[in-house]
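Colleague: The structure file start-v5.txt (compact mmCIF, C-alpha atoms and all ligand atoms) is provided below.
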```
# COMPACT_ATOMS: atom_id res chain seq x y z
CA MET U 1 -5.05 43.96 -30.18
CA ALA U 2 -6.11 42.12 -27.05
CA ILE U 3 -3.66 40.58 -24.64
CA LYS U 4 -4.67 38.94 -21.40
CA TYR U 5 -1.64 39.66 -19.27
CA GLY U 6 0.14 43.04 -19.29
CA ARG U 7 -0.19 45.81 -21.84
CA PRO U 8 -0.92 45.19 -25.54
CA ILE U 9 2.07 44.09 -27.54
CA GLU U 10 2.22 47.29 -29.65
CA SER U 11 2.65 49.63 -26.72
CA ARG U 12 5.00 47.31 -24.89
CA VAL U 13 7.53 46.73 -27.64
CA ARG U 14 9.25 49.53 -29.51
CA VAL U 15 11.88 48.24 -31.85
CA VAL U 16 14.81 50.57 -32.15
CA PRO U 17 16.28 50.31 -35.66
CA ALA U 18 19.64 48.59 -35.79
CA GLU U 19 22.65 50.79 -36.35
CA GLY U 20 25.87 49.57 -37.86
CA ARG U 21 26.47 46.19 -39.35
CA GLY U 22 24.93 43.19 -37.57
CA GLU U 23 24.69 45.07 -34.23
CA ALA U 24 21.69 43.93 -32.18
CA ALA U 25 19.47 46.87 -31.42
CA PRO U 26 18.54 47.23 -27.73
CA LEU U 27 14.82 46.63 -27.34
CA ASP U 28 12.86 49.07 -25.26
CA LEU U 29 10.98 46.50 -23.19
CA ALA U 30 9.03 47.32 -20.05
CA THR U 31 8.40 43.66 -19.44
CA ARG U 32 11.20 41.14 -19.50
CA LEU U 33 10.00 37.74 -18.28
CA ARG U 34 13.57 36.53 -18.02
CA ARG U 35 14.16 38.71 -14.92
CA ASN U 36 12.22 36.25 -12.80
CA ARG U 37 14.15 33.34 -14.25
CA ARG U 38 17.64 34.72 -13.71
CA THR U 39 18.49 33.23 -10.32
CA GLU U 40 17.61 30.01 -8.56
CA TRP U 41 16.11 31.84 -5.56
CA ALA U 42 13.87 33.94 -7.81
CA ARG U 43 12.74 30.91 -9.79
CA ARG U 44 11.85 29.23 -6.51
CA MET U 45 9.99 32.34 -5.39
CA VAL U 46 7.70 32.54 -8.41
CA ARG U 47 7.23 28.81 -8.99
CA GLU U 48 3.54 28.00 -9.30
CA ASN U 49 3.56 24.23 -8.83
CA VAL U 50 5.81 22.20 -6.58
CA LEU U 51 6.04 18.47 -6.19
CA THR U 52 6.26 17.10 -2.63
CA THR U 53 6.25 13.59 -1.17
CA ASP U 54 2.63 14.23 -0.13
CA ASP U 55 1.73 13.94 -3.81
CA LEU U 56 2.91 10.35 -4.15
CA ILE U 57 1.07 7.04 -4.11
CA TRP U 58 3.40 4.08 -4.55
CA PRO U 59 2.00 1.07 -6.47
CA MET U 60 3.55 -2.29 -5.51
CA PHE U 61 3.20 -5.82 -6.84
CA VAL U 62 2.76 -8.68 -4.36
CA SER U 63 3.48 -12.27 -5.25
CA GLY U 64 3.40 -15.56 -3.43
CA GLY U 65 6.93 -16.46 -4.42
CA ARG U 66 10.26 -14.81 -3.82
CA ARG U 67 11.14 -11.29 -4.93
CA SER U 68 11.42 -11.25 -8.74
CA PRO U 69 12.02 -8.47 -11.23
CA VAL U 70 9.37 -7.29 -13.69
CA GLU U 71 11.33 -7.44 -16.96
CA SER U 72 9.50 -4.62 -18.68
CA MET U 73 9.72 -2.32 -15.63
CA PRO U 74 13.40 -1.92 -14.73
CA GLY U 75 13.76 -1.25 -11.01
CA VAL U 76 10.34 -2.69 -10.13
CA ASP U 77 10.00 -6.11 -8.46
CA ARG U 78 7.17 -8.42 -7.55
CA LEU U 79 7.46 -8.64 -3.78
CA ALA U 80 6.77 -11.32 -1.22
CA VAL U 81 4.44 -10.24 1.60
CA GLU U 82 7.41 -9.68 3.99
CA ASP U 83 9.12 -7.48 1.38
CA VAL U 84 5.96 -5.44 0.95
CA VAL U 85 5.88 -4.75 4.68
CA ARG U 86 9.51 -3.63 4.55
CA GLU U 87 8.83 -1.38 1.56
CA ALA U 88 5.78 0.03 3.35
CA GLU U 89 8.07 0.92 6.27
CA ARG U 90 10.44 2.58 3.82
CA ALA U 91 7.53 4.50 2.29
CA ALA U 92 6.43 5.70 5.73
CA LYS U 93 9.98 6.88 6.54
CA LEU U 94 10.04 8.75 3.23
CA ALA U 95 6.70 10.40 4.15
CA ILE U 96 4.89 8.82 1.21
CA PRO U 97 1.26 8.93 2.39
CA CYS U 98 -0.15 5.89 0.62
CA ILE U 99 0.74 2.66 -1.15
CA ALA U 100 -1.33 0.70 -3.68
CA LEU U 101 -1.25 -3.10 -3.85
CA PHE U 102 -1.59 -5.34 -6.91
CA PRO U 103 -1.34 -9.12 -6.75
CA TYR U 104 0.42 -11.59 -8.99
CA THR U 105 -1.96 -14.49 -8.47
CA ASP U 106 -0.67 -18.02 -8.92
CA PRO U 107 -1.97 -19.18 -12.34
CA GLY U 108 -3.37 -22.29 -10.63
CA LEU U 109 -5.65 -20.07 -8.56
CA ARG U 110 -7.13 -18.21 -11.54
CA ASP U 111 -10.49 -19.29 -12.90
CA GLU U 112 -13.33 -18.13 -15.15
CA SER U 113 -15.04 -16.08 -12.45
CA GLY U 114 -12.01 -14.91 -10.47
CA THR U 115 -13.12 -16.57 -7.22
CA GLU U 116 -9.73 -16.00 -5.56
CA ALA U 117 -10.66 -12.29 -5.43
CA LEU U 118 -13.16 -13.20 -2.72
CA ASN U 119 -10.77 -15.28 -0.63
CA PRO U 120 -10.20 -13.35 2.63
CA ASP U 121 -6.76 -14.97 2.75
CA ASN U 122 -5.64 -14.02 -0.74
CA LEU U 123 -2.31 -12.28 -1.30
CA VAL U 124 -3.64 -8.75 -1.19
CA CYS U 125 -5.58 -9.34 2.02
CA ARG U 126 -2.57 -10.98 3.67
CA ALA U 127 -0.38 -8.08 2.64
CA VAL U 128 -2.89 -5.50 3.90
CA ARG U 129 -3.15 -7.18 7.29
CA ALA U 130 0.63 -7.46 7.61
CA ILE U 131 1.13 -3.80 6.68
CA LYS U 132 -1.61 -2.57 9.00
CA LYS U 133 -0.05 -4.49 11.86
CA ASP U 134 3.52 -3.23 11.36
CA VAL U 135 3.05 0.13 9.63
CA PRO U 136 -0.27 1.45 10.92
CA ASN U 137 0.25 5.02 9.78
CA ILE U 138 0.42 4.55 6.04
CA GLY U 139 -2.62 4.55 3.78
CA VAL U 140 -3.30 1.34 1.87
CA LEU U 141 -5.20 1.38 -1.41
CA CYS U 142 -6.51 -1.78 -3.08
CA ASP U 143 -7.68 -2.19 -6.65
CA VAL U 144 -11.13 -3.63 -7.18
CA ALA U 145 -11.33 -5.55 -10.46
CA LEU U 146 -11.11 -9.22 -11.35
CA ASP U 147 -8.28 -9.24 -13.89
CA PRO U 148 -5.52 -10.53 -11.60
CA TYR U 149 -7.81 -13.45 -10.73
CA THR U 150 -9.55 -14.50 -13.94
CA SER U 151 -8.21 -17.12 -16.35
CA HIS U 152 -9.23 -14.87 -19.29
CA GLY U 153 -7.55 -11.75 -17.85
CA HIS U 154 -10.66 -9.56 -18.01
CA ASP U 155 -11.81 -7.26 -15.21
CA GLY U 156 -15.26 -8.81 -15.06
CA LEU U 157 -17.30 -11.95 -15.53
CA MET U 158 -17.48 -13.13 -19.11
CA ARG U 159 -20.30 -14.94 -20.88
CA ASP U 160 -20.06 -15.86 -24.57
CA GLY U 161 -17.24 -13.38 -25.02
CA THR U 162 -19.17 -10.51 -23.40
CA ILE U 163 -18.12 -8.87 -20.14
CA LEU U 164 -21.23 -8.78 -17.98
CA ASN U 165 -21.90 -5.51 -16.18
CA ASP U 166 -24.42 -5.99 -13.38
CA GLU U 167 -23.29 -9.51 -12.51
CA THR U 168 -19.70 -8.24 -12.26
CA VAL U 169 -20.71 -5.34 -10.03
CA ALA U 170 -22.25 -7.80 -7.55
CA VAL U 171 -18.91 -9.64 -7.32
CA LEU U 172 -16.91 -6.41 -7.06
CA VAL U 173 -18.96 -5.35 -4.04
CA LYS U 174 -17.98 -8.62 -2.35
CA GLN U 175 -14.33 -8.11 -3.33
CA ALA U 176 -14.40 -4.61 -1.83
CA LEU U 177 -15.87 -5.98 1.42
CA VAL U 178 -13.18 -8.65 1.67
CA GLN U 179 -10.50 -5.98 1.25
CA ALA U 180 -12.16 -3.58 3.71
CA GLU U 181 -12.38 -6.43 6.22
CA ALA U 182 -8.62 -6.97 5.83
CA GLY U 183 -8.03 -3.32 6.72
CA CYS U 184 -7.77 -1.56 3.36
CA ASP U 185 -8.27 2.23 3.69
CA ILE U 186 -9.08 3.15 0.10
CA ILE U 187 -11.07 0.99 -2.30
CA ALA U 188 -10.17 1.78 -5.89
CA PRO U 189 -12.48 0.26 -8.48
CA SER U 190 -10.50 0.02 -11.72
CA ASP U 191 -12.93 -2.15 -13.68
CA MET U 192 -15.04 0.53 -15.44
CA MET U 193 -18.36 -1.29 -14.99
CA ASP U 194 -21.36 1.07 -14.86
CA GLY U 195 -22.74 1.68 -11.39
CA ARG U 196 -19.93 0.06 -9.46
CA VAL U 197 -19.04 3.06 -7.31
CA GLY U 198 -22.58 3.43 -5.98
CA ALA U 199 -22.96 -0.30 -5.39
CA ILE U 200 -19.64 -0.52 -3.55
CA ARG U 201 -20.48 2.55 -1.43
CA LYS U 202 -23.78 1.00 -0.43
CA GLY U 203 -22.15 -2.36 0.26
CA LEU U 204 -19.44 -0.80 2.43
CA ASP U 205 -21.95 1.33 4.36
CA ASN U 206 -24.29 -1.59 5.00
CA ALA U 207 -21.40 -3.63 6.35
CA GLY U 208 -20.32 -0.85 8.71
CA PHE U 209 -17.37 0.41 6.66
CA LYS U 210 -18.72 3.92 6.25
CA ASP U 211 -15.25 5.46 6.73
CA VAL U 212 -13.53 3.43 4.03
CA GLN U 213 -12.73 5.79 1.18
CA ILE U 214 -13.34 5.22 -2.52
CA MET U 215 -10.93 6.42 -5.19
CA ALA U 216 -12.66 5.75 -8.47
CA TYR U 217 -10.72 5.05 -11.62
CA THR U 218 -13.06 7.54 -13.24
CA ALA U 219 -11.61 8.18 -16.66
CA LYS U 220 -9.75 4.98 -17.41
CA TYR U 221 -8.96 4.58 -21.07
CA ALA U 222 -8.41 1.38 -23.06
CA SER U 223 -4.69 1.92 -23.46
CA ALA U 224 -1.59 0.30 -24.85
CA PHE U 225 0.33 1.73 -21.91
CA TYR U 226 -0.87 -0.97 -19.48
CA GLY U 227 1.28 -3.65 -21.15
CA PRO U 228 4.07 -3.89 -18.56
CA PHE U 229 1.53 -3.93 -15.70
CA ARG U 230 -0.12 -6.95 -17.26
CA ASP U 231 3.32 -8.61 -17.37
CA ALA U 232 3.73 -7.81 -13.68
CA VAL U 233 0.41 -9.32 -12.59
CA GLY U 234 0.65 -12.12 -15.14
CA SER U 235 -2.44 -11.27 -17.18
CA SER U 236 -0.75 -10.31 -20.46
CA THR U 237 -0.45 -13.89 -21.65
CA THR U 238 -3.93 -14.87 -20.54
CA LEU U 239 -5.85 -11.80 -21.75
CA THR U 240 -8.18 -12.71 -24.57
CA GLY U 241 -9.03 -9.77 -26.82
CA ASP U 242 -8.96 -6.26 -25.41
CA LYS U 243 -10.86 -4.14 -22.89
CA ARG U 244 -12.51 -1.70 -25.27
CA THR U 245 -16.08 -2.69 -24.38
CA TYR U 246 -15.63 -1.31 -20.87
CA GLN U 247 -12.59 1.00 -20.73
CA MET U 248 -12.94 4.38 -22.43
CA ASP U 249 -12.17 5.13 -26.06
CA PHE U 250 -9.07 7.31 -26.24
CA GLY U 251 -10.72 9.56 -28.81
CA ASN U 252 -13.16 10.85 -26.20
CA SER U 253 -13.01 13.79 -23.83
CA ASP U 254 -16.57 14.93 -22.98
CA GLU U 255 -17.35 11.36 -21.99
CA ALA U 256 -14.77 11.64 -19.21
CA LEU U 257 -16.84 14.44 -17.67
CA ARG U 258 -19.92 12.22 -17.72
CA GLU U 259 -17.95 9.46 -16.01
CA ALA U 260 -16.79 11.93 -13.38
CA GLU U 261 -20.29 13.26 -12.79
CA LEU U 262 -21.59 9.74 -12.20
CA ASP U 263 -18.77 8.63 -9.91
CA ILE U 264 -19.16 11.76 -7.78
CA ALA U 265 -22.93 11.32 -7.59
CA GLU U 266 -22.43 7.68 -6.60
CA GLY U 267 -20.20 8.65 -3.68
CA ALA U 268 -16.58 8.63 -4.86
CA ASP U 269 -14.32 10.51 -2.43
CA MET U 270 -11.54 10.89 -4.96
CA ILE U 271 -11.38 10.43 -8.69
CA MET U 272 -8.60 9.43 -11.04
CA VAL U 273 -7.49 9.79 -14.63
CA LYS U 274 -5.50 7.03 -16.27
CA PRO U 275 -3.07 6.79 -18.07
CA GLY U 276 -1.23 9.94 -17.07
CA LEU U 277 0.93 12.02 -19.34
CA PRO U 278 -0.96 11.38 -22.62
CA TYR U 279 -4.19 12.41 -20.82
CA LEU U 280 -3.25 15.67 -19.09
CA ASP U 281 -6.01 17.42 -21.05
CA ILE U 282 -8.58 15.10 -19.45
CA LEU U 283 -7.08 15.64 -16.01
CA ALA U 284 -7.24 19.42 -16.39
CA ARG U 285 -10.83 19.37 -17.63
CA ILE U 286 -12.01 17.11 -14.81
CA LYS U 287 -10.24 19.13 -12.12
CA ASP U 288 -11.53 22.42 -13.52
CA ASN U 289 -15.09 21.18 -13.83
CA PHE U 290 -15.55 19.35 -10.54
CA GLY U 291 -12.92 20.60 -8.10
CA MET U 292 -12.69 17.11 -6.63
CA PRO U 293 -9.58 15.54 -5.12
CA THR U 294 -8.25 14.31 -8.45
CA PHE U 295 -5.41 11.90 -9.05
CA ALA U 296 -3.44 10.76 -12.06
CA TYR U 297 -1.89 7.36 -12.68
CA GLN U 298 1.48 7.45 -14.39
CA VAL U 299 1.06 3.92 -15.65
CA SER U 300 3.47 1.07 -16.24
CA GLY U 301 4.00 1.84 -19.94
CA GLU U 302 4.92 5.44 -19.17
CA TYR U 303 7.40 4.23 -16.59
CA ALA U 304 8.81 1.64 -19.00
CA MET U 305 9.14 4.22 -21.77
CA LEU U 306 11.13 6.61 -19.59
CA MET U 307 13.28 3.87 -18.08
CA ALA U 308 14.11 2.43 -21.50
CA ALA U 309 15.45 5.80 -22.61
CA VAL U 310 17.28 6.27 -19.30
CA GLN U 311 18.93 2.87 -19.63
CA ASN U 312 20.13 3.82 -23.08
CA GLY U 313 21.64 6.99 -21.70
CA TRP U 314 19.21 9.06 -23.77
CA LEU U 315 17.47 10.83 -20.89
CA ASP U 316 18.43 12.02 -17.43
CA GLY U 317 16.14 9.83 -15.32
CA ASP U 318 15.88 12.01 -12.22
CA LYS U 319 15.18 15.14 -14.21
CA ALA U 320 12.65 13.50 -16.54
CA MET U 321 10.87 11.93 -13.58
CA ILE U 322 10.50 15.20 -11.66
CA GLU U 323 9.43 17.07 -14.80
CA THR U 324 6.69 14.58 -15.66
CA LEU U 325 5.39 14.48 -12.10
CA THR U 326 5.37 18.28 -11.82
CA ALA U 327 3.41 18.35 -15.09
CA PHE U 328 0.64 16.37 -13.37
CA LYS U 329 0.51 18.95 -10.59
CA ARG U 330 0.42 21.79 -13.10
CA ALA U 331 -2.50 20.12 -14.90
CA GLY U 332 -4.39 20.02 -11.58
CA ALA U 333 -3.60 16.67 -9.97
CA ASP U 334 -3.71 16.43 -6.18
CA GLY U 335 -1.45 13.42 -6.36
CA VAL U 336 0.02 10.79 -8.66
CA LEU U 337 0.24 7.03 -8.56
CA THR U 338 3.76 6.40 -9.83
CA TYR U 339 6.32 3.61 -9.82
CA PHE U 340 8.91 6.35 -9.37
CA ALA U 341 7.51 7.14 -5.90
CA PRO U 342 10.44 5.88 -3.75
CA ARG U 343 13.04 7.32 -6.13
CA VAL U 344 11.34 10.74 -6.21
CA ALA U 345 10.86 10.77 -2.46
CA GLU U 346 14.55 10.04 -1.95
CA ASN U 347 15.43 12.76 -4.44
CA LEU U 348 13.18 15.32 -2.79
CA ARG U 349 14.81 14.65 0.56
CA LYS U 350 18.24 15.64 -0.74
C1 LIG U 401 -6.60 -3.60 -13.49
C2 LIG U 401 -5.62 -2.49 -13.59
C3 LIG U 401 -4.77 -2.18 -14.66
C4 LIG U 401 -3.95 -1.16 -14.23
C5 LIG U 401 -4.35 -0.83 -12.93
N1 LIG U 401 -5.38 -1.67 -12.56
C6 LIG U 401 -4.59 -2.83 -15.99
C7 LIG U 401 -5.71 -2.94 -16.92
O1 LIG U 401 -6.77 -2.32 -16.77
O2 LIG U 401 -5.56 -3.72 -17.87
C8 LIG U 401 -2.84 -0.55 -15.02
C9 LIG U 401 -1.74 0.08 -14.24
C10 LIG U 401 -0.48 0.29 -15.00
O3 LIG U 401 -0.40 0.03 -16.21
O4 LIG U 401 0.48 0.72 -14.35
N2 LIG U 401 -7.88 -3.35 -13.85
```
Rewrite the structure from the file as C-alpha cells, please.
Modeller:
Amino acid sequence: MAIKYGRPIESRVRVVPAEGRGEAAPLDLATRLRRNRRTEWARRMVRENVLTTDDLIWPMFVSGGRRSPVESMPGVDRLAVEDVVREAERAAKLAIPCIALFPYTDPGLRDESGTEALNPDNLVCRAVRAIKKDVPNIGVLCDVALDPYTSHGHDGLMRDGTILNDETVAVLVKQALVQAEAGCDIIAPSDMMDGRVGAIRKGLDNAGFKDVQIMAYTAKYASAFYGPFRDAVGSSTTLTGDKRTYQMDFGNSDEALREAELDIAEGADMIMVKPGLPYLDILARIKDNFGMPTFAYQVSGEYAMLMAAVQNGWLDGDKAMIETLTAFKRAGADGVLTYFAPRVAENLRK
C-alpha cells in the first residue's frame, strides 16, 4: 500500500487487542500527529501559512454625499472624499499596503456610455489625488470598468442588448489613462472584455505611464455574490439582465487557465481570482500553473454572509474572518482584497 508521507499504514500501526471490558487498547504508533498540535508554541512553530497585514488590500466606497452605511454590508460605509483620506491614513498606520476605490456615482451623472468614467474630476480621481497628497506611501488601486457609470449597470457599452467588446476596450483604455493621470498606482480591469489588458498596457506605456501596474481581474465569474457591492455602488437597481456574456461561467475551471495565460501574455503584473472562498480551487490551480503574484477577492456577498451570521450570534466574527483569510493564503494567494481589512489589521496588531 502506497503512502506519500511516512511509512505505509500497515507497518506504522499495530493494534494491540483490547483486554478487559471496554478498556481502550494502547496503540503502538510511531507517528502521532497530535504531538505537534499539543502546545501553542509548537503549533506556531510548524504553521505553514500565516496571515499578515501585508496580505491585505482594503476596498472602499466613495460617494459624493455624506458618509452613509451600506445596508447589506454591516460595518461598511460609503465615504465622502475627506473620509476616504482619513481611512487611507488609518490603513497606512495599520501597515495595510494598498487600498482599492469604488465610486457611488450620482444617478444623474450616469448615462448609456458611462461618460463620467472619463471625467478627470470624477469621484475616484478626486479621491486618488487627495490620498496621494496626504498619504503618499500607500498604494492606490482603481477598478477599470463602466458599471458604476452606466445607466444600464453593465461594465461595457451596450448596443441592442449586446455588450460590445472592442468598442468598450477603447473606452477602458481612456478610463485607465484618466486614473493614471490622477495618480493611481494599480489599474485593475474588472470588466472581462477580451484584449483589455494588452490594450491598457499599450495605452499606459504610450502615455508615459510605464511604471503603473496592472492587476487583472483574470478569473472573474458571473456570481450571485456581488449583490451587496452593487447596492454599494448603486448599480443593483439599474442593472438590466446579468453579466454572463462577459464574466466567466461558474462551471468552468480550465477556462480560468486560458484567461490567466492571456492576461500574463498581455502584460498583467498581478492576477486575481474572484469571488474568493467558493473559488479556492481556481486560485490554487492558477497559482500552481503560473507562479504569478496572485490575489483573491473576498467579495461583498461573502462578507455579507459572514456578517449576517455574526450579527445573529451564530459565528465568532474575528475567528471566522481570520480562518477564511488564512484559507486564501493556504490556497496560494499572495494577498486578498477584503472588506475585513481594517478589522483584521487591528486584530493582528494585538
Ligand atoms: C465592477 C466590479 C464588481 C465587483 C468589483 N468590481 C461587480 C460586478 O462585476 O458586478 C464586485 C466586488 C464585490 O462584490 O465585492 N465590475
Colleague: Hey, which residues come within 7 Å of ligand LIG 401 (chain U) if we count all atoms listed in the file? Could you give them as an NGL selection string?
Modeller: :U and (143 or 145 or 147 or 155 or 190-191 or 225-230 or 298-301)
Colleague: Can those selected residues be exported to a file as a PDB file, in the frame of the given file so that it contains C-alpha atoms?
Modeller:
```pdb
ATOM      1  CA  ASP U 143      -7.680  -2.190  -6.650  1.00  0.00           C
ATOM      2  CA  ALA U 145     -11.330  -5.550 -10.460  1.00  0.00           C
ATOM      3  CA  ASP U 147      -8.280  -9.240 -13.890  1.00  0.00           C
ATOM      4  CA  ASP U 155     -11.810  -7.260 -15.210  1.00  0.00           C
ATOM      5  CA  SER U 190     -10.500   0.020 -11.720  1.00  0.00           C
ATOM      6  CA  ASP U 191     -12.930  -2.150 -13.680  1.00  0.00           C
ATOM      7  CA  PHE U 225       0.330   1.730 -21.910  1.00  0.00           C
ATOM      8  CA  TYR U 226      -0.870  -0.970 -19.480  1.00  0.00           C
ATOM      9  CA  GLY U 227       1.280  -3.650 -21.150  1.00  0.00           C
ATOM     10  CA  PRO U 228       4.070  -3.890 -18.560  1.00  0.00           C
ATOM     11  CA  PHE U 229       1.530  -3.930 -15.700  1.00  0.00           C
ATOM     12  CA  ARG U 230      -0.120  -6.950 -17.260  1.00  0.00           C
ATOM     13  CA  GLN U 298       1.480   7.450 -14.390  1.00  0.00           C
ATOM     14  CA  VAL U 299       1.060   3.920 -15.650  1.00  0.00           C
ATOM     15  CA  SER U 300       3.470   1.070 -16.240  1.00  0.00           C
ATOM     16  CA  GLY U 301       4.000   1.840 -19.940  1.00  0.00           C
TER      17      GLY U 301
END
```
Colleague: Excluding same-chain residues fewer than 2 positions from region 238-242 of chain U, what lies within 12 Å of it counting all atoms listed in the file, as a ChimeraX atom specification?
Modeller: /U:107,110-112,146-156,158,161-163,221-224,226-227,230-231,233-236,244-249
Colleague: Could you tell me which of U:Thr338, U:Asn49, U:Asn137, U:Ser72 comes closest to Ala296 (chain U) if we count only C-alpha atoms?
Modeller: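 Comparing U:Thr338, U:Asn49, U:Asn137, U:Ser72 against Ala296 (chain U), the winner is U:Thr338.
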Colleague: Skip region 179-189 of chain U itself and residues of its chain fewer than 4 positions away, then list as a ChimeraX atom specification all residues within 7 Å of it, counting only C-alpha atoms.
Modeller: /U:125,128-129,132,139-145,175,212-217
Colleague: Between U:Leu172, U:Leu306, U:Ala284, U:Ile131, which is the closest to Arg330 (chain U) once you count all atoms listed in the file?
Modeller: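 Closest to Arg330 (chain U) of all the choices is U:Ala284.
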Colleague: What is the CA of Gly267 (chain U) to CA of Thr218 (chain U) distance in Å?
Modeller: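 Here the two named atoms are 12.0 Å from each other.
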Colleague: For the atom pair CA of Arg258 (chain U) and CA of Lys210 (chain U), what is the interatomic distance in Å to one decimal place?
Modeller: 25.4 Å
Colleague: CA of Lys220 (chain U) and CA of Asn252 (chain U) are how many Å apart?
Modeller: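 Distance between the two atoms: 11.1 Å.
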Colleague: Choose the residue, out of U:Glu71, U:Glu167, U:Asp281, U:Glu40, that has the smallest atom-to-atom separation from Ala232 (chain U); count all atoms listed in the file.
Modeller: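 The shortest atom-to-atom distance to Ala232 (chain U) comes from U:Glu71.
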Colleague: Neighbouring residues of Arg196 (chain U) were defined as those with any atom within 9 Å, considering only C-alpha atoms; residues of the same chain fewer than 3 positions away were excluded. Please report them as number ranges by chain.
Modeller: U: 165-166, 168-170, 172-173, 189, 191-193, 199-201, 263, 266
Colleague: For region 286-294 of chain U, work out the shell of residues within 6 Å, counting all atoms listed in the file and skipping chain neighbours fewer than 3 positions away, then give it as an MDAnalysis selection string.
Modeller: chainID U and resid 270:272 283 332:334
Colleague: Within 12 Å of Ile96 (chain U), counting all atoms listed in the file, which residues qualify if same-chain residues fewer than 5 places away don't, as number ranges by chain?
Modeller: U: 52-59, 87-91, 137-140, 335-338, 340-346, 348-349
Colleague: Counting all atoms listed in the file, I want the residues whose atoms come within 7 Å of (1.3, -16.5, -5.7) in the file frame, returned as a VMD selection string.
Modeller: chain U and resid 63 to 65 104 to 106
Colleague: Would you mind writing region 210-226 of chain U with N, CA and C atoms, as a compact mmCIF listing (two decimals), in the frame of the given file?
Modeller:
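File written: selection.txt
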```txt
# COMPACT_ATOMS: atom_id res chain seq x y z
N LYS U 210 -18.36 2.62 6.83
CA LYS U 210 -18.72 3.92 6.25
C LYS U 210 -17.53 4.87 6.13
N ASP U 211 -16.43 4.60 6.83
CA ASP U 211 -15.25 5.46 6.73
C ASP U 211 -14.23 5.00 5.70
N VAL U 212 -14.46 3.87 5.08
CA VAL U 212 -13.53 3.43 4.03
C VAL U 212 -13.74 4.32 2.80
N GLN U 213 -12.64 4.85 2.30
CA GLN U 213 -12.73 5.79 1.18
C GLN U 213 -12.80 5.06 -0.16
N ILE U 214 -13.34 5.76 -1.15
CA ILE U 214 -13.34 5.22 -2.52
C ILE U 214 -12.60 6.19 -3.45
N MET U 215 -11.57 5.67 -4.10
CA MET U 215 -10.93 6.42 -5.19
C MET U 215 -11.33 5.72 -6.48
N ALA U 216 -12.17 6.38 -7.25
CA ALA U 216 -12.66 5.75 -8.47
C ALA U 216 -11.69 5.97 -9.63
N TYR U 217 -11.38 4.90 -10.32
CA TYR U 217 -10.72 5.05 -11.62
C TYR U 217 -11.83 5.59 -12.53
N THR U 218 -11.91 6.91 -12.60
CA THR U 218 -13.06 7.54 -13.24
C THR U 218 -12.95 7.56 -14.75
N ALA U 219 -11.84 8.13 -15.22
CA ALA U 219 -11.61 8.18 -16.66
C ALA U 219 -10.44 7.26 -16.95
N LYS U 220 -10.78 5.98 -17.13
CA LYS U 220 -9.75 4.98 -17.41
C LYS U 220 -9.91 4.54 -18.86
N TYR U 221 -8.89 4.82 -19.63
CA TYR U 221 -8.96 4.58 -21.07
C TYR U 221 -8.41 3.20 -21.44
N ALA U 222 -8.94 2.62 -22.50
CA ALA U 222 -8.41 1.38 -23.06
C ALA U 222 -7.08 1.77 -23.71
N SER U 223 -5.98 1.35 -23.09
CA SER U 223 -4.69 1.92 -23.46
C SER U 223 -3.62 0.87 -23.68
N ALA U 224 -2.74 1.17 -24.61
CA ALA U 224 -1.59 0.30 -24.85
C ALA U 224 -0.55 0.43 -23.75
N PHE U 225 -0.69 1.46 -22.93
CA PHE U 225 0.33 1.73 -21.91
C PHE U 225 0.22 0.85 -20.66
N TYR U 226 -0.76 -0.07 -20.63
CA TYR U 226 -0.87 -0.97 -19.48
C TYR U 226 -0.08 -2.26 -19.68
```
